[in-house]
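For reference, query-v4.cif is printed below; it contains mmCIF, C-alpha atoms and all ligand atoms.
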data_data
#
loop_
_atom_site.label_atom_id
_atom_site.label_comp_id
_atom_site.auth_asym_id
_atom_site.auth_seq_id
_atom_site.Cartn_x
_atom_site.Cartn_y
_atom_site.Cartn_z
CA MET L 626 -140.35 -27.12 -1.29
CA LYS L 627 -141.15 -23.99 0.66
CA ILE L 628 -139.00 -22.39 3.33
CA GLU L 629 -140.63 -19.74 5.50
CA ILE L 630 -138.69 -17.67 7.99
CA LYS L 631 -140.97 -15.86 10.42
CA GLY L 632 -140.04 -13.12 12.87
CA LEU L 633 -136.58 -14.53 13.42
CA ASN L 634 -134.38 -12.91 16.08
CA LYS L 635 -131.02 -14.00 17.38
CA ILE L 636 -129.34 -12.37 20.34
CA TYR L 637 -126.03 -13.97 21.35
CA PRO L 638 -125.32 -14.42 25.09
CA ASN L 639 -123.01 -11.37 25.03
CA GLY L 640 -125.94 -9.18 23.90
CA ASN L 641 -125.04 -8.99 20.18
CA GLN L 642 -128.22 -8.98 18.16
CA ALA L 643 -127.21 -10.77 14.97
CA LEU L 644 -130.70 -11.06 13.45
CA LYS L 645 -133.58 -8.62 13.81
CA ASN L 646 -137.08 -9.75 12.95
CA ILE L 647 -136.28 -11.53 9.69
CA ASN L 648 -139.26 -12.54 7.53
CA LEU L 649 -138.47 -14.33 4.32
CA GLU L 650 -139.93 -16.96 2.03
CA PHE L 651 -138.41 -18.94 -0.82
CA GLY L 652 -138.86 -22.16 -2.74
CA THR L 653 -137.06 -24.56 -5.05
CA GLY L 654 -134.07 -23.19 -6.98
CA MET L 655 -131.19 -21.00 -5.93
CA PHE L 656 -131.62 -18.33 -3.28
CA GLY L 657 -128.82 -15.82 -2.68
CA LEU L 658 -128.20 -14.21 0.68
CA LEU L 659 -125.98 -11.18 0.24
CA GLY L 660 -124.52 -8.85 2.83
CA PRO L 661 -121.26 -7.45 4.17
CA ASN L 662 -119.27 -9.19 6.90
CA GLY L 663 -121.12 -9.17 10.19
CA ALA L 664 -124.54 -8.85 8.50
CA GLY L 665 -125.82 -12.05 10.13
CA LYS L 666 -125.58 -14.47 7.20
CA SER L 667 -123.74 -17.27 9.04
CA THR L 668 -126.05 -16.90 12.00
CA LEU L 669 -129.05 -17.37 9.72
CA MET L 670 -127.41 -20.36 7.99
CA ARG L 671 -126.61 -22.01 11.33
CA ILE L 672 -130.24 -21.61 12.40
CA LEU L 673 -131.45 -23.04 9.06
CA VAL L 674 -129.32 -26.16 9.50
CA THR L 675 -130.56 -26.55 13.12
CA LEU L 676 -127.09 -26.11 14.63
CA MET L 677 -128.34 -23.12 16.58
CA LYS L 678 -131.66 -22.03 18.06
CA PRO L 679 -133.11 -18.62 17.35
CA THR L 680 -133.93 -16.37 20.32
CA SER L 681 -137.43 -16.05 18.90
CA GLY L 682 -139.29 -16.67 15.68
CA MET L 683 -139.36 -19.82 13.59
CA VAL L 684 -138.36 -21.48 10.36
CA MET L 685 -140.79 -23.78 8.57
CA VAL L 686 -139.85 -26.24 5.84
CA ASP L 687 -142.91 -27.41 3.94
CA GLY L 688 -144.97 -26.47 6.96
CA MET L 689 -142.68 -28.29 9.46
CA ASP L 690 -141.17 -26.28 12.30
CA ILE L 691 -137.45 -27.09 12.04
CA GLN L 692 -136.90 -26.94 15.81
CA LYS L 693 -139.59 -29.55 16.35
CA HIS L 694 -138.48 -31.81 13.48
CA ARG L 695 -134.73 -31.56 13.67
CA LYS L 696 -134.07 -35.16 12.70
CA GLU L 697 -136.23 -35.10 9.56
CA ILE L 698 -134.86 -31.71 8.57
CA ARG L 699 -131.25 -32.80 9.02
CA SER L 700 -131.83 -35.83 6.82
CA MET L 701 -132.94 -33.46 4.01
CA LEU L 702 -129.98 -31.13 4.42
CA GLY L 703 -126.53 -30.74 2.95
CA TYR L 704 -124.34 -28.04 4.51
CA LEU L 705 -121.06 -26.46 3.53
CA PRO L 706 -120.04 -24.33 6.51
CA GLN L 707 -118.05 -21.13 6.08
CA ASP L 708 -115.06 -22.59 7.91
CA PHE L 709 -115.18 -26.01 6.25
CA ARG L 710 -111.85 -27.66 7.11
CA PHE L 711 -110.74 -31.18 7.53
CA PHE L 712 -107.68 -32.65 9.12
CA THR L 713 -107.50 -36.06 7.65
CA SER L 714 -105.07 -38.49 6.18
CA LEU L 715 -107.92 -40.03 4.21
CA LYS L 716 -107.81 -40.06 0.45
CA THR L 717 -110.28 -37.81 -1.34
CA TRP L 718 -112.67 -40.65 -2.18
CA GLU L 719 -112.37 -42.11 1.31
CA PHE L 720 -113.28 -38.77 2.84
CA LEU L 721 -116.39 -38.58 0.70
CA ASP L 722 -117.22 -42.21 1.42
CA TYR L 723 -117.00 -41.43 5.13
CA SER L 724 -119.26 -38.35 4.69
CA GLY L 725 -121.72 -40.63 2.87
CA SER L 726 -121.89 -43.07 5.75
CA LEU L 727 -122.42 -40.13 8.15
CA ALA L 728 -125.26 -38.97 5.90
CA GLY L 729 -126.90 -42.36 6.40
CA MET L 730 -125.90 -44.18 3.20
CA LYS L 731 -125.56 -47.69 4.57
CA ASN L 732 -125.04 -49.70 1.38
CA LYS L 733 -121.31 -49.63 0.63
CA ARG L 734 -121.60 -50.48 -3.05
CA GLU L 735 -124.21 -47.78 -3.70
CA ARG L 736 -122.11 -45.35 -1.71
CA LEU L 737 -119.02 -45.97 -3.81
CA VAL L 738 -120.95 -45.40 -7.02
CA GLU L 739 -122.30 -42.17 -5.58
CA VAL L 740 -118.82 -41.08 -4.43
CA ASP L 741 -117.40 -41.36 -7.94
CA ARG L 742 -120.46 -39.72 -9.50
CA LEU L 743 -120.05 -36.72 -7.19
CA LEU L 744 -116.27 -36.56 -7.64
CA ASP L 745 -116.91 -36.41 -11.36
CA GLN L 746 -119.58 -33.74 -10.94
CA VAL L 747 -117.25 -31.43 -9.01
CA GLY L 748 -114.26 -32.22 -11.23
CA LEU L 749 -112.20 -34.18 -8.70
CA LEU L 750 -112.26 -37.64 -10.23
CA GLU L 751 -108.63 -37.41 -11.37
CA VAL L 752 -107.49 -36.70 -7.82
CA ARG L 753 -109.72 -39.26 -6.11
CA ASP L 754 -106.69 -41.08 -4.66
CA ARG L 755 -104.88 -37.97 -3.47
CA GLN L 756 -104.83 -37.33 0.28
CA ALA L 757 -107.72 -34.90 0.88
CA ASN L 758 -105.73 -32.38 2.88
CA ARG L 759 -103.17 -32.12 0.07
CA LEU L 760 -105.76 -30.75 -2.38
CA SER L 761 -105.54 -27.10 -3.48
CA GLY L 762 -107.81 -24.51 -1.81
CA GLY L 763 -110.29 -24.57 -4.68
CA MET L 764 -110.33 -28.36 -4.78
CA LYS L 765 -110.98 -28.51 -1.03
CA ARG L 766 -114.00 -26.24 -1.48
CA ARG L 767 -115.25 -28.50 -4.26
CA LEU L 768 -114.79 -31.51 -2.00
CA GLY L 769 -116.77 -29.49 0.54
CA ILE L 770 -119.65 -29.13 -1.89
CA ALA L 771 -119.44 -32.85 -2.74
CA GLN L 772 -119.73 -33.75 0.98
CA ALA L 773 -122.74 -31.42 1.21
CA LEU L 774 -124.34 -33.21 -1.74
CA ILE L 775 -123.86 -36.80 -0.73
CA GLY L 776 -127.03 -38.54 0.39
CA ASN L 777 -129.17 -36.59 -2.08
CA PRO L 778 -130.22 -33.64 0.09
CA ARG L 779 -133.26 -31.59 -0.97
CA ILE L 780 -131.91 -28.48 0.71
CA ILE L 781 -128.30 -27.42 0.18
CA ILE L 782 -126.87 -24.64 2.30
CA VAL L 783 -123.53 -23.14 1.34
CA ASP L 784 -122.00 -20.42 3.49
CA GLU L 785 -119.54 -18.09 1.70
CA PRO L 786 -118.35 -20.86 -0.63
CA THR L 787 -116.22 -18.65 -2.87
CA THR L 788 -114.19 -16.81 -0.23
CA GLY L 789 -110.51 -17.14 -1.00
CA LEU L 790 -111.05 -18.72 -4.42
CA ASP L 791 -109.38 -17.31 -7.52
CA PRO L 792 -111.67 -16.08 -10.33
CA ASP L 793 -111.45 -19.35 -12.31
CA GLU L 794 -112.44 -21.43 -9.33
CA ARG L 795 -115.21 -18.99 -8.46
CA ILE L 796 -116.77 -19.33 -11.89
CA ARG L 797 -116.41 -23.09 -11.72
CA PHE L 798 -118.08 -23.15 -8.33
CA ARG L 799 -120.92 -20.96 -9.53
CA ASN L 800 -121.49 -23.28 -12.48
CA ILE L 801 -121.65 -26.33 -10.23
CA LEU L 802 -124.26 -24.59 -8.09
CA SER L 803 -126.37 -23.42 -11.00
CA GLN L 804 -126.33 -26.92 -12.51
CA LEU L 805 -127.50 -28.29 -9.18
CA SER L 806 -130.30 -25.79 -8.99
CA GLN L 807 -131.89 -27.38 -12.07
CA ASN L 808 -132.48 -30.55 -10.03
CA ASP L 809 -135.54 -29.70 -8.03
CA VAL L 810 -133.52 -28.81 -4.93
CA THR L 811 -133.36 -25.65 -2.85
CA ILE L 812 -129.93 -24.06 -2.62
CA VAL L 813 -129.21 -21.26 -0.21
CA LEU L 814 -125.99 -19.47 -1.07
CA SER L 815 -124.61 -16.88 1.32
CA THR L 816 -121.95 -14.46 0.13
CA HIS L 817 -120.46 -11.01 0.62
CA ILE L 818 -119.36 -10.98 -3.03
CA VAL L 819 -121.94 -9.27 -5.23
CA GLY L 820 -120.67 -11.10 -8.31
CA ASP L 821 -121.67 -14.45 -6.75
CA ILE L 822 -125.31 -13.43 -7.07
CA SER L 823 -126.28 -13.86 -10.66
CA SER L 824 -129.38 -14.28 -12.69
CA THR L 825 -129.24 -17.96 -11.75
CA CYS L 826 -130.65 -16.93 -8.36
CA GLN L 827 -134.45 -16.92 -8.59
CA GLY L 828 -134.60 -14.99 -5.36
CA MET L 829 -132.26 -13.07 -3.14
CA ALA L 830 -132.13 -11.14 0.10
CA LEU L 831 -129.90 -8.34 1.30
CA LEU L 832 -128.91 -8.38 4.94
CA ASN L 833 -127.28 -5.50 6.76
CA ARG L 834 -126.47 -5.46 10.47
CA GLY L 835 -128.97 -8.17 11.15
CA GLU L 836 -131.76 -6.52 9.21
CA LEU L 837 -133.40 -7.59 5.99
CA VAL L 838 -133.17 -4.58 3.70
CA PHE L 839 -134.33 -6.16 0.44
CA SER L 840 -135.88 -9.39 -0.78
CA GLY L 841 -136.93 -10.22 -4.32
CA SER L 842 -135.30 -11.20 -7.58
CA PRO L 843 -131.86 -9.90 -8.62
CA GLU L 844 -133.59 -8.14 -11.55
CA ASN L 845 -135.86 -6.43 -9.10
CA LEU L 846 -132.93 -5.20 -7.03
CA VAL L 847 -131.34 -3.76 -10.16
CA LYS L 848 -134.61 -2.13 -11.16
CA GLN L 849 -134.74 -0.22 -7.89
CA ALA L 850 -131.51 1.53 -8.82
CA GLU L 851 -132.81 2.67 -12.21
CA LYS L 852 -132.49 6.45 -12.77
CA HIS L 853 -130.16 6.59 -9.78
CA VAL L 854 -126.87 5.79 -11.50
CA PHE L 855 -125.01 8.45 -13.45
CA LYS L 856 -121.85 8.72 -15.46
CA LEU L 857 -120.02 12.03 -15.09
CA LYS L 858 -117.05 13.60 -16.89
CA LEU L 859 -115.18 15.74 -14.43
CA ALA L 860 -112.15 17.96 -14.15
CA GLN L 861 -109.99 17.37 -11.05
CA ARG L 862 -111.56 20.27 -9.13
CA GLU L 863 -115.08 19.00 -9.81
CA TYR L 864 -114.03 15.46 -8.95
CA ASP L 865 -113.01 16.60 -5.46
CA ILE L 866 -116.49 18.08 -4.92
CA VAL L 867 -118.29 15.01 -6.31
CA LYS L 868 -116.25 12.66 -4.08
CA GLU L 869 -117.47 14.54 -1.03
CA LYS L 870 -121.07 14.82 -2.10
CA TYR L 871 -121.97 11.51 -3.77
CA ASN L 872 -121.49 7.77 -3.47
CA VAL L 873 -118.83 7.11 -6.07
CA ILE L 874 -118.91 3.60 -7.54
CA SER L 875 -116.04 3.76 -9.98
CA THR L 876 -113.42 6.19 -11.20
CA LEU L 877 -111.60 6.04 -14.49
CA PRO L 878 -108.83 8.44 -15.56
CA VAL L 879 -109.59 10.10 -18.92
CA GLU L 880 -108.09 13.00 -20.82
CA ASN L 881 -108.23 16.17 -18.69
CA GLY L 882 -109.88 14.53 -15.72
CA TRP L 883 -112.02 11.63 -14.63
CA GLU L 884 -114.97 9.55 -15.72
CA VAL L 885 -116.93 8.71 -12.62
CA GLN L 886 -120.00 6.61 -11.86
CA ILE L 887 -122.15 7.63 -8.92
CA VAL L 888 -125.48 6.79 -7.31
CA SER L 889 -127.72 9.70 -6.47
CA ASP L 890 -131.41 10.46 -5.92
CA GLU L 891 -131.27 13.61 -8.05
CA ILE L 892 -129.67 14.37 -11.36
CA PRO L 893 -126.26 15.77 -10.41
CA GLU L 894 -125.45 19.37 -11.36
CA PHE L 895 -122.48 18.29 -13.46
CA ASP L 896 -122.26 17.15 -17.07
CA SER L 897 -123.91 13.76 -16.54
CA GLU L 898 -125.79 10.96 -18.21
CA ALA L 899 -128.04 8.36 -16.54
CA ILE L 900 -126.84 4.81 -17.20
CA ALA L 901 -128.46 1.40 -16.83
CA PRO L 902 -127.59 -0.03 -13.43
CA ASN L 903 -126.03 -3.45 -12.89
CA ILE L 904 -126.18 -5.51 -9.71
CA GLU L 905 -123.01 -3.92 -8.29
CA HIS L 906 -124.54 -0.47 -8.72
CA ALA L 907 -127.75 -1.67 -7.10
CA TYR L 908 -125.83 -3.06 -4.15
CA VAL L 909 -124.08 0.25 -3.55
CA PHE L 910 -127.36 2.08 -4.05
CA TYR L 911 -128.93 0.02 -1.30
CA MET L 912 -126.12 -0.42 1.19
CA GLU L 913 -124.37 2.91 1.03
CA HIS L 914 -126.93 5.29 -0.30
CA LYS L 915 -130.50 4.34 0.43
CA LEU L 916 -129.85 3.13 3.96
CA HIS L 917 -128.01 6.31 4.90
CA ALA L 918 -130.71 8.43 3.27
CA ASP L 919 -133.42 6.50 5.18
CA LEU L 920 -131.53 6.90 8.45
CA SER L 921 -131.15 10.65 8.09
CA GLU L 922 -134.82 11.20 7.25
P1 LIG I 1001 -121.84 -12.77 8.58
O1 LIG I 1001 -121.89 -14.25 8.36
O2 LIG I 1001 -122.81 -12.01 7.72
O3 LIG I 1001 -120.45 -12.23 8.49
P2 LIG I 1001 -122.38 -13.43 11.36
O4 LIG I 1001 -123.66 -14.15 11.42
O5 LIG I 1001 -121.12 -14.23 11.45
O6 LIG I 1001 -122.35 -12.48 10.08
O7 LIG I 1001 -122.33 -12.35 12.54
C1 LIG I 1001 -123.37 -11.43 12.77
C2 LIG I 1001 -123.08 -10.65 14.04
O8 LIG I 1001 -123.12 -11.51 15.16
C3 LIG I 1001 -121.70 -10.00 14.05
O9 LIG I 1001 -121.81 -8.76 14.71
C4 LIG I 1001 -120.87 -10.97 14.86
O10 LIG I 1001 -119.82 -10.31 15.52
C5 LIG I 1001 -121.89 -11.49 15.86
N1 LIG I 1001 -121.59 -12.88 16.28
C6 LIG I 1001 -121.43 -13.96 15.50
N2 LIG I 1001 -121.20 -15.06 16.24
C7 LIG I 1001 -121.23 -14.66 17.52
C8 LIG I 1001 -121.08 -15.34 18.78
N3 LIG I 1001 -120.85 -16.67 18.84
N4 LIG I 1001 -121.18 -14.61 19.91
C9 LIG I 1001 -121.42 -13.29 19.85
N5 LIG I 1001 -121.58 -12.57 18.72
C10 LIG I 1001 -121.48 -13.25 17.56
#

What would the structure in this file look like if it were written as C-alpha cells?
Amino acid sequence: MKIEIKGLNKIYPNGNQALKNINLEFGTGMFGLLGPNGAGKSTLMRILVTLMKPTSGMVMVDGMDIQKHRKEIRSMLGYLPQDFRFFTSLKTWEFLDYSGSLAGMKNKRERLVEVDRLLDQVGLLEVRDRQANRLSGGMKRRLGIAQALIGNPRIIIVDEPTTGLDPDERIRFRNILSQLSQNDVTIVLSTHIVGDISSTCQGMALLNRGELVFSGSPENLVKQAEKHVFKLKLAQREYDIVKEKYNVISTLPVENGWEVQIVSDEIPEFDSEAIAPNIEHAYVFYMEHKLHADLSE
C-alpha cells in the first residue's frame, strides 16, 4: 500500500487556505499527523476519505487517483471522524451490525461473527447489549473505532481519536491502534497531542497553518532537536531573563530557584547542560522555535 499526496491545496469558499502545497508519501503501518488546532489536519483527512475535493493537487492510493476512483477507495476505507457522534436507540452490537451492512457486508451470519470479534477487540463485548448512546465517552470512541474497522478496511483514518479521553482510555486506544498496525493495514492518525505519536508510528508529519513543516520518522524528529535542549539551574532573577529570551519547555521549583528546560540554537550563557531531547522537546523546537527563527531570517 502506498499513499502519495502531491501538491495538495485547499482553499475554502471564504478564502481560508487550509492546506498549502502538501507533498507527502507513506505506506503500510501507522502514520501520525501532528499539529496544533487549525493546522489543517481534519481538512487533509476529509480529502483522504473523499468527502471533500482539494482545490488543486491529488492523492494517489497504489497509483489510483482517489477523485477518479472514489467508489473503490471508499470500499477500502474505514474512517473515524473527529466529531463522531451517534443519536441512536440501537444497542451497541446493533449499531455495529448496522455499520457493517453500510460497509457492504451482506451476509448476516458473517456480519454477526465479525461484530462480536470487533467488540471483543475494542473491549466492548461485556456491554454489547447496552444502548450505544448510554456508553461512556471512552467506550463511544472505541465503538467509533470498531465501526471504522468493520468490513476489513485496508486504510483506516482516525481524526483526533483521543480528544477528551482520560489517560487510561488514551493508552488503551493507542494500544488498539498499534495492534491494528501489525495487520498489513495503513492507519493515519491525526492528533494535536504529542504523546499520541509514539515509536509505533513508522512515519509522521508536522502540520502548521496548512504547511508541512516536517515529515519523517518520530526518531528523526527527535534527532533534529539534539544539542538544542538544555537544562538550566537558575535563581529567580536569572529565570526572569531566561523566560524572556528562550523557549521554556518546563519549569521545576528547586532549592534557591528553578530548574528549567529550554530549546535554543546556542549554548545559553547560564549554568547549563545539554540533555537528550524527547518528542515533546522536538515538537516545541519545531513549532515554537525553528519556525519563528526561520521567519525572522
Ligand atoms: P485541524 O483539524 O488541524 O484543527 P482544520 O482542517 O479543521 O484544522 O482547519 C484548518 C483551517 O481551515 C482553520 O483555519 C479552519 O478555521 C479552516 N476551516 C476548516 N473548515 C472550514 C470551512 N468549512 N470553511 C472555512 N474555513 C474552514

Using all atoms listed in the file, which of the listed residues (L:Leu768, L:Ala860, L:Val783, L:Val909) sits closest to ligand LIG 1001 (chain I)?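 When distances to ligand LIG 1001 (chain I) are compared using all atoms listed in the file, the smallest one comes from L:Val783.
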
Name the residues in contact with L:Ile887 at a cut-off of 7 Å, using all atoms listed in the file, excluding same-chain residues fewer than 5 positions from it; report them as a compact mmCIF listing (two decimals) with C-alpha atoms, in the coordinates of the input.
# COMPACT_ATOMS: atom_id res chain seq x y z
CA VAL L 854 -126.87 5.79 -11.50
CA PHE L 855 -125.01 8.45 -13.45
CA LYS L 856 -121.85 8.72 -15.46
CA TYR L 871 -121.97 11.51 -3.77
CA ASN L 872 -121.49 7.77 -3.47
CA VAL L 873 -118.83 7.11 -6.07
CA ILE L 874 -118.91 3.60 -7.54

Residues near stretch 754-760 of chain L, anyone? I mean within 7 Å using only C-alpha atoms, not counting same-chain ones fewer than 2 positions away, as a list in words.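 In the requested form, the answer reads Phe711, Phe712, Thr713, Ser714, Leu715, Lys716, Thr717, Trp718, Val752, Gly762, Met764 and Lys765 of chain L.
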
Would you name the residues within 9 Å of ligand LIG 1001 (chain I), counting all atoms listed in the file, and put them as number ranges by chain? L: 635-644, 659-671, 707, 784-785, 815-817, 832-835

Counting only C-alpha atoms, I want the residues whose atoms come within 12 Å of (-117.5, -30.8, -0.2) in the file frame, returned as a PyMOL selection string. chain L and resi 703-711+717-718+720-725+740+743-744+746-749+757+760+762-775+781-784+786+798+801

Have a look at atom CA of L:Ser803 and atom CA of L:Cys826 and let me know their distance in Å, one decimal.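 Computing the Euclidean distance for atom CA of L:Ser803 and atom CA of L:Cys826 yields 8.2 Å.
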
d(atom CA of L:Leu831, atom CA of L:Ser681) in Å: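 Interatomic distance, atom CA of L:Leu831 to atom CA of L:Ser681: 20.6 Å.
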
Pairwise distance for atom CA of L:Ser889 and atom CA of L:Phe910, rounded to one decimal in Å: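 Separation of atom CA of L:Ser889 and atom CA of L:Phe910: 8.0 Å.
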
Best match for closeness to L:Arg799 among L:Asn646, L:Lys733, L:Met655, L:Asp690, counting all atoms listed in the file: L:Met655

So, counting all atoms listed in the file, which residue among L:Val684, L:Leu846, L:Val738, L:Met730 is closest to L:Ser824?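 Result for the nearest residue to L:Ser824: L:Leu846.
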
List the neighbours of L:Asp896 out to 10 Å using all atoms listed in the file; skip same-chain residues closer than 2 positions along the sequence, and give me the result as an mmCIF file with C-alpha atoms, keeping the file's coordinate frame.
data_model
loop_
_atom_site.group_PDB
_atom_site.id
_atom_site.type_symbol
_atom_site.label_atom_id
_atom_site.label_comp_id
_atom_site.auth_asym_id
_atom_site.auth_seq_id
_atom_site.Cartn_x
_atom_site.Cartn_y
_atom_site.Cartn_z
ATOM 1 C CA PHE L 855 -125.010 8.450 -13.450
ATOM 2 C CA LYS L 856 -121.850 8.720 -15.460
ATOM 3 C CA LEU L 857 -120.020 12.030 -15.090
ATOM 4 C CA LYS L 858 -117.050 13.600 -16.890
ATOM 5 C CA LEU L 859 -115.180 15.740 -14.430
ATOM 6 C CA ILE L 892 -129.670 14.370 -11.360
ATOM 7 C CA PRO L 893 -126.260 15.770 -10.410
ATOM 8 C CA GLU L 894 -125.450 19.370 -11.360
ATOM 9 C CA GLU L 898 -125.790 10.960 -18.210
#

Please identify all polymer residues within 9 Å of L:Gly654, counting all atoms listed in the file, omitting same-chain residues fewer than 5 positions from it, and present them as a PyMOL selection string. chain L and resi 803+805-813+825-828

Write the selection just made, keeping C-alpha atoms, as a PDB file, in the coordinates of the input?
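Dumped to result.pdb:
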ATOM      1  CA  SER L 803    -126.370 -23.420 -11.000  1.00  0.00           C
ATOM      2  CA  LEU L 805    -127.500 -28.290  -9.180  1.00  0.00           C
ATOM      3  CA  SER L 806    -130.300 -25.790  -8.990  1.00  0.00           C
ATOM      4  CA  GLN L 807    -131.890 -27.380 -12.070  1.00  0.00           C
ATOM      5  CA  ASN L 808    -132.480 -30.550 -10.030  1.00  0.00           C
ATOM      6  CA  ASP L 809    -135.540 -29.700  -8.030  1.00  0.00           C
ATOM      7  CA  VAL L 810    -133.520 -28.810  -4.930  1.00  0.00           C
ATOM      8  CA  THR L 811    -133.360 -25.650  -2.850  1.00  0.00           C
ATOM      9  CA  ILE L 812    -129.930 -24.060  -2.620  1.00  0.00           C
ATOM     10  CA  VAL L 813    -129.210 -21.260  -0.210  1.00  0.00           C
ATOM     11  CA  THR L 825    -129.240 -17.960 -11.750  1.00  0.00           C
ATOM     12  CA  CYS L 826    -130.650 -16.930  -8.360  1.00  0.00           C
ATOM     13  CA  GLN L 827    -134.450 -16.920  -8.590  1.00  0.00           C
ATOM     14  CA  GLY L 828    -134.600 -14.990  -5.360  1.00  0.00           C
TER      15      GLY L 828
END

Take the point (-137.4, -11.2, 3.9) in the file's coordinates, draw a sphere of radius 10 Å around it, and report as number ranges by chain every protein, DNA or RNA residue with an atom inside or on it, counting only C-alpha atoms. L: 629-632, 646-651, 829-832, 836-841

Among listed residues L:Arg753, L:Lys848, L:Lys868, L:Arg779, nearest L:His906 (using all atoms listed in the file):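 With all atoms listed in the file as the atom set, the closest residue is L:Lys848.
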
Where atoms are absent from stretch 712-729 of chain L, fill them in so it carries N, CA and C atoms, then output it as a compact mmCIF listing (two decimals), in the frame of the given file.
# COMPACT_ATOMS: atom_id res chain seq x y z
N PHE L 712 -109.03 -32.22 8.80
CA PHE L 712 -107.68 -32.65 9.12
C PHE L 712 -107.73 -34.16 9.00
N THR L 713 -107.30 -34.63 7.88
CA THR L 713 -107.50 -36.06 7.65
C THR L 713 -106.36 -36.62 6.81
N SER L 714 -106.03 -37.85 7.07
CA SER L 714 -105.07 -38.49 6.18
C SER L 714 -105.81 -39.37 5.18
N LEU L 715 -107.13 -39.23 5.15
CA LEU L 715 -107.92 -40.03 4.21
C LEU L 715 -107.69 -39.54 2.78
N LYS L 716 -107.84 -40.46 1.85
CA LYS L 716 -107.81 -40.06 0.45
C LYS L 716 -109.12 -39.32 0.13
N THR L 717 -109.10 -38.60 -0.98
CA THR L 717 -110.28 -37.81 -1.34
C THR L 717 -111.55 -38.67 -1.40
N TRP L 718 -111.47 -39.81 -2.06
CA TRP L 718 -112.67 -40.65 -2.18
C TRP L 718 -113.08 -41.23 -0.84
N GLU L 719 -112.06 -41.53 0.00
CA GLU L 719 -112.37 -42.11 1.31
C GLU L 719 -113.09 -41.08 2.19
N PHE L 720 -112.64 -39.84 2.06
CA PHE L 720 -113.28 -38.77 2.84
C PHE L 720 -114.76 -38.65 2.48
N LEU L 721 -115.02 -38.71 1.17
CA LEU L 721 -116.39 -38.58 0.70
C LEU L 721 -117.22 -39.81 1.07
N ASP L 722 -116.57 -40.97 1.03
CA ASP L 722 -117.22 -42.21 1.42
C ASP L 722 -117.63 -42.14 2.90
N TYR L 723 -116.72 -41.59 3.71
CA TYR L 723 -117.00 -41.43 5.13
C TYR L 723 -118.17 -40.45 5.34
N SER L 724 -118.15 -39.32 4.59
CA SER L 724 -119.26 -38.35 4.69
C SER L 724 -120.57 -39.02 4.32
N GLY L 725 -120.52 -39.91 3.31
CA GLY L 725 -121.72 -40.63 2.87
C GLY L 725 -122.27 -41.52 3.98
N SER L 726 -121.37 -42.21 4.69
CA SER L 726 -121.89 -43.07 5.75
C SER L 726 -122.46 -42.22 6.89
N LEU L 727 -121.84 -41.03 7.13
CA LEU L 727 -122.42 -40.13 8.15
C LEU L 727 -123.80 -39.64 7.72
N ALA L 728 -123.97 -39.46 6.41
CA ALA L 728 -125.26 -38.97 5.90
C ALA L 728 -126.31 -40.10 5.83
N GLY L 729 -125.92 -41.28 6.29
CA GLY L 729 -126.90 -42.36 6.40
C GLY L 729 -126.93 -43.32 5.22
